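Structure record follows, encoded as structure tokens.
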Amino acid sequence: MSRVRCDKTAAWAKLNDLYQTQGRDFDLRQAFTADATRFETFSQSAPYVFADLSKNRIDAQTESLLIELARETGLEQHRDAMFAGEAINRTEQRAVMHFLLRSPADQVVSPAMAPELLKVHATLDSMLDFAEKIRHDAAYKDITDIVNVGIGGSDLGPQMAVLAMQDFAIAGKRFQFVSNVDEHELLSVLAELKPQSTLFLVASKTFTTPETMLNAHSALRWFKASGGQDVARHFVGLTTNLAAAKTFGIQTCFGFWDWVGGRYSLWSAIGLPIALAIGAAGFRELLAGAHAMDQHFQSAPLAQNLPVRLGLLDIWYRNFHGFSSRSIAPYSSALRRLPAYLQQLEMESNGKRVDMDGQTLPFATAPVLWGEPGTNGQHAYFQMLHQGSSVVPVEFVAVKNALQGMPGHHEKLIANVLAQAQSLMVGKTDVGGHRDFPGNRPSSFLLLDALNPRSLGALLALQEHRVFVSGSVWGINSFDQWGVELGKSLAQDIAPRLQSGDVQGLDGSTAGLLRRLRAT
Ligand SMILES: O=P(O)(O)OC[C@H]1O[C@H](O)[C@H](O)[C@@H](O)[C@@H]1O
């Protein structure tokens, strides 16, 4: 499919004019004064997620031009190509079908996808049976600790989701995540464990990632050295590379397929820690929430399509306002790893400066994504959000109904998230100097009725699709990650040099550091 580059479309030129004439000076406070229905116009209900977008620097004209831009760049065709199973990951000649992992077994799909859907459900069923066995079978009662060894997409998604689902997690089992090759991480986890009560999940799409392989081998060595007997019972593989897992000594393996990108893999076997925590029914709820968002993305008109509205807003801010970052502020301690998960999702997907054909793009792409849970961030970097010299759009995530074990806490949390979004926008300019808040600082507000498996699934699928939308308009391949390869191969080159001291061919700085590291 040949597509028009976004900056060559008529809509882009019109958006540019709009920005120069009105967008640059857009004032949120005036916009609310002028339009009593602004909240309704710029809020959007989607499955299990309500979004208030009204505190963003947009009006009806901006949104309609952004939609024109989406149409001109072929967003809908691109989306439909993904859902049709076409190989839209062109640099790796792969389909992008993580949505299939959450499609019900009786979903009508194309003849080409039907065998894949069968494999998905066969694996899902056996993985969930296994999870239930570990959770409830008397034979596995002794397993109290589950250690996921993986990195990147084989760590961030499951770790974030297990933490997010803490209110639903089985009692009596602890979940740990070892990702860093820094031995401190593995050592501190192992220090608390006994081999006979530990289940290791070696999670790696490729089963070649050096950090994961070293951590897994070290865990295996510890297991044997501490008297562990039955490797097959205590090590499970989650991978597309079943042969490599077998060579490692693993017998129980749950597979997935090359059409699942690492950062899109928590719905696959990589989600086993989540299933162990919340059970088969809970995991199916997570998938159902994501599937509902998939359907919304596929079928809602663009103007009422939440992933589309968010993704296009990202374009407006990045390419016209020039905002170079977005802060994500989940007002939920359970969602404390959401920013890290979203960093990989967005920055590994869209952190690219060439189009599908490798041509350099003359405009900016993925913003820097960063954040911490609220209210913690307020006592750290919110100073800059309120009074700093750069405007950073904030995305708040809040939960309406939460478990209320202690009086007052949830209300305080909600009062704070509302107050932050409000004060960023309204500002305060009657005092002068240090005490002035310029206001007019944009934010989006995502509200979940409750944080449960279904709403979490929907929230995450929403984020996946909004990243798809901006990547698609920019014309980049959101599904490869060549940018991580160079560092990997140079690390392989450097490792033996740390032993030999050979600095031949290295740049001056790396050579100098290597000499210093070897000096006695
Ligand atoms: O799951 P694995 O094959 O071990 O890969 C783990 C991670 O490492 C790679 O370098 C990629 O940048 C990530 O996209 C991936 O999630």
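All residue names refer to the structure tokens as shown: chains lettered A, B, ... in order, residues numbered from 1 in each chain, ligands numbered from 1 in order.
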From a backbone DSSP assignment, name each residue in stretch 117-304 of chain A labelled alpha helix (DSSP H), as a PDB file with C-alpha atoms, in the first residue's frame.
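Result file follows (out-v9.pdb):
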```pdb
ATOM      1  CA  LEU A 117      -6.437 -18.510  16.340  1.00  0.00           C
ATOM      2  CA  LEU A 118      -6.682 -22.248  16.997  1.00  0.00           C
ATOM      3  CA  LYS A 119      -3.043 -22.293  18.160  1.00  0.00           C
ATOM      4  CA  VAL A 120      -3.689 -19.238  20.332  1.00  0.00           C
ATOM      5  CA  HIS A 121      -6.534 -20.912  22.160  1.00  0.00           C
ATOM      6  CA  ALA A 122      -4.833 -24.286  22.483  1.00  0.00           C
ATOM      7  CA  THR A 123      -1.835 -22.572  24.130  1.00  0.00           C
ATOM      8  CA  LEU A 124      -4.026 -20.288  26.222  1.00  0.00           C
ATOM      9  CA  ASP A 125      -6.058 -23.225  27.520  1.00  0.00           C
ATOM     10  CA  SER A 126      -3.007 -25.258  28.464  1.00  0.00           C
ATOM     11  CA  MET A 127      -1.251 -22.268  30.021  1.00  0.00           C
ATOM     12  CA  LEU A 128      -4.311 -21.421  32.089  1.00  0.00           C
ATOM     13  CA  ASP A 129      -4.710 -25.074  33.156  1.00  0.00           C
ATOM     14  CA  PHE A 130      -1.120 -24.992  34.279  1.00  0.00           C
ATOM     15  CA  ALA A 131      -1.693 -21.726  36.165  1.00  0.00           C
ATOM     16  CA  GLU A 132      -4.682 -23.225  37.965  1.00  0.00           C
ATOM     17  CA  LYS A 133      -2.679 -26.320  38.877  1.00  0.00           C
ATOM     18  CA  ILE A 134       0.073 -24.231  40.429  1.00  0.00           C
ATOM     19  CA  ARG A 135      -2.478 -22.077  42.228  1.00  0.00           C
ATOM     20  CA  HIS A 136      -4.706 -24.787  43.651  1.00  0.00           C
ATOM     21  CA  LEU A 156       7.676  -4.866  31.887  1.00  0.00           C
ATOM     22  CA  GLY A 157       4.167  -5.959  30.853  1.00  0.00           C
ATOM     23  CA  PRO A 158       3.750  -8.883  33.258  1.00  0.00           C
ATOM     24  CA  GLN A 159       5.444  -7.017  36.081  1.00  0.00           C
ATOM     25  CA  MET A 160       3.247  -3.953  35.635  1.00  0.00           C
ATOM     26  CA  ALA A 161       0.098  -6.086  35.385  1.00  0.00           C
ATOM     27  CA  VAL A 162       0.865  -8.299  38.403  1.00  0.00           C
ATOM     28  CA  LEU A 163       1.386  -5.159  40.499  1.00  0.00           C
ATOM     29  CA  ALA A 164      -1.715  -3.544  39.036  1.00  0.00           C
ATOM     30  CA  GLU A 183      23.820  -9.598  39.913  1.00  0.00           C
ATOM     31  CA  HIS A 184      22.416  -7.618  42.831  1.00  0.00           C
ATOM     32  CA  GLU A 185      18.942  -8.079  41.495  1.00  0.00           C
ATOM     33  CA  LEU A 186      19.088 -11.864  41.208  1.00  0.00           C
ATOM     34  CA  LEU A 187      21.101 -12.272  44.406  1.00  0.00           C
ATOM     35  CA  SER A 188      18.664 -10.290  46.507  1.00  0.00           C
ATOM     36  CA  VAL A 189      15.731 -12.305  45.165  1.00  0.00           C
ATOM     37  CA  LEU A 190      17.484 -15.663  45.638  1.00  0.00           C
ATOM     38  CA  PRO A 210      22.069 -12.257  26.846  1.00  0.00           C
ATOM     39  CA  GLU A 211      20.879 -10.751  30.137  1.00  0.00           C
ATOM     40  CA  THR A 212      18.014 -13.230  30.456  1.00  0.00           C
ATOM     41  CA  MET A 213      20.159 -16.185  29.466  1.00  0.00           C
ATOM     42  CA  LEU A 214      22.836 -15.304  32.028  1.00  0.00           C
ATOM     43  CA  ASN A 215      20.253 -14.718  34.763  1.00  0.00           C
ATOM     44  CA  ALA A 216      18.491 -17.985  33.896  1.00  0.00           C
ATOM     45  CA  HIS A 217      21.739 -19.969  33.935  1.00  0.00           C
ATOM     46  CA  SER A 218      22.762 -18.383  37.242  1.00  0.00           C
ATOM     47  CA  ALA A 219      19.334 -19.196  38.705  1.00  0.00           C
ATOM     48  CA  LEU A 220      19.726 -22.787  37.501  1.00  0.00           C
ATOM     49  CA  ARG A 221      23.186 -23.024  39.045  1.00  0.00           C
ATOM     50  CA  TRP A 222      21.842 -21.676  42.348  1.00  0.00           C
ATOM     51  CA  PHE A 223      18.919 -24.110  42.177  1.00  0.00           C
ATOM     52  CA  LYS A 224      21.219 -27.124  41.801  1.00  0.00           C
ATOM     53  CA  ALA A 225      23.803 -25.856  44.293  1.00  0.00           C
ATOM     54  CA  VAL A 231      14.672 -28.878  37.161  1.00  0.00           C
ATOM     55  CA  ALA A 232      11.764 -29.880  34.946  1.00  0.00           C
ATOM     56  CA  ARG A 233       9.283 -29.144  37.737  1.00  0.00           C
ATOM     57  CA  HIS A 234      10.803 -25.833  38.806  1.00  0.00           C
ATOM     58  CA  LEU A 242      10.982 -23.997  22.073  1.00  0.00           C
ATOM     59  CA  ALA A 243      14.154 -25.743  20.874  1.00  0.00           C
ATOM     60  CA  ALA A 244      16.449 -23.393  22.815  1.00  0.00           C
ATOM     61  CA  ALA A 245      14.322 -23.798  25.949  1.00  0.00           C
ATOM     62  CA  LYS A 246      14.632 -27.566  25.628  1.00  0.00           C
ATOM     63  CA  THR A 247      18.400 -27.312  25.317  1.00  0.00           C
ATOM     64  CA  PHE A 248      18.381 -25.293  28.538  1.00  0.00           C
ATOM     65  CA  LEU A 272       1.780 -16.525  32.685  1.00  0.00           C
ATOM     66  CA  PRO A 273       2.814 -14.597  35.855  1.00  0.00           C
ATOM     67  CA  ILE A 274      -0.408 -12.600  35.521  1.00  0.00           C
ATOM     68  CA  ALA A 275      -2.442 -15.789  35.128  1.00  0.00           C
ATOM     69  CA  LEU A 276      -0.705 -17.305  38.149  1.00  0.00           C
ATOM     70  CA  ALA A 277      -1.574 -14.196  40.159  1.00  0.00           C
ATOM     71  CA  ILE A 278      -5.199 -13.660  39.130  1.00  0.00           C
ATOM     72  CA  GLY A 279      -6.183 -17.098  37.846  1.00  0.00           C
ATOM     73  CA  ALA A 280      -7.621 -18.349  34.579  1.00  0.00           C
ATOM     74  CA  ALA A 281     -10.899 -16.453  34.916  1.00  0.00           C
ATOM     75  CA  GLY A 282      -9.071 -13.227  35.731  1.00  0.00           C
ATOM     76  CA  PHE A 283      -6.735 -13.621  32.765  1.00  0.00           C
ATOM     77  CA  ARG A 284      -9.679 -14.216  30.463  1.00  0.00           C
ATOM     78  CA  GLU A 285     -11.231 -11.001  31.803  1.00  0.00           C
ATOM     79  CA  LEU A 286      -8.025  -9.125  30.981  1.00  0.00           C
ATOM     80  CA  LEU A 287      -8.203 -10.473  27.420  1.00  0.00           C
ATOM     81  CA  ALA A 288     -11.900  -9.606  27.175  1.00  0.00           C
ATOM     82  CA  GLY A 289     -11.234  -5.996  28.192  1.00  0.00           C
ATOM     83  CA  ALA A 290      -8.528  -5.688  25.551  1.00  0.00           C
ATOM     84  CA  HIS A 291     -10.749  -7.324  22.938  1.00  0.00           C
ATOM     85  CA  ALA A 292     -13.520  -4.819  23.651  1.00  0.00           C
ATOM     86  CA  MET A 293     -11.022  -2.007  23.029  1.00  0.00           C
ATOM     87  CA  ASP A 294      -9.855  -3.736  19.803  1.00  0.00           C
ATOM     88  CA  GLN A 295     -13.444  -3.705  18.573  1.00  0.00           C
ATOM     89  CA  HIS A 296     -13.868  -0.064  19.535  1.00  0.00           C
ATOM     90  CA  PHE A 297     -10.681   0.837  17.643  1.00  0.00           C
ATOM     91  CA  GLN A 298     -11.834  -1.137  14.593  1.00  0.00           C
ATOM     92  CA  SER A 299     -15.374   0.082  14.404  1.00  0.00           C
TER      93      SER A 299
END
```
**Study point:** Expected answer as a list of chain:residue names: residues within 8 Å of ligand 1, only C-alpha atoms and all ligand atoms
**Key:**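 Using only C-alpha atoms and all ligand atoms, I find these residues within 8 Å of ligand 1: A:Gly150, A:Ile151, A:Gly152, A:Gly153, A:Ser154, A:Asp155, A:Ala203, A:Ser204, A:Lys205, A:Thr206, A:Phe207, A:Thr208, A:Thr209, A:Pro210, A:Thr212, A:Thr239, A:Gly261, A:Gly262, A:Arg263, A:Gln344, A:Glu348, A:Gln481, A:Gly483, A:Val484, A:Glu485, A:Lys488.
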Review point. Residues at most 12 Å from stretch 428-431 of chain A, counting only C-alpha atoms, excluding those fewer than 5 positions away in the same chain, as a ChimeraX atom specification?
Key: /A:29,386-387,422-423,436-441
Review point. Using only C-alpha atoms, which residue out of A:Gln61, A:Ser265, A:Asn180, A:Ser509 lies closest to A:Leu460?
Key: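 Ranked by minimum distance to A:Leu460, first place goes to A:Ser265.
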Review point. Looking only at the backbone, which of the residues in stretch 227-405 of chain A does DSSP tag as strand (DSSP E), as a PyMOL selection string?
Key: chain A and resi 235-239+252-255+325-330+368-370+394-401
Point to revise | atom CA of A:Ala105 to atom CA of A:Gly85, straight-line distance in Å | key: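 Computing the Euclidean distance for atom CA of A:Gly85 and atom CA of A:Ala105 yields 16.4 Å.
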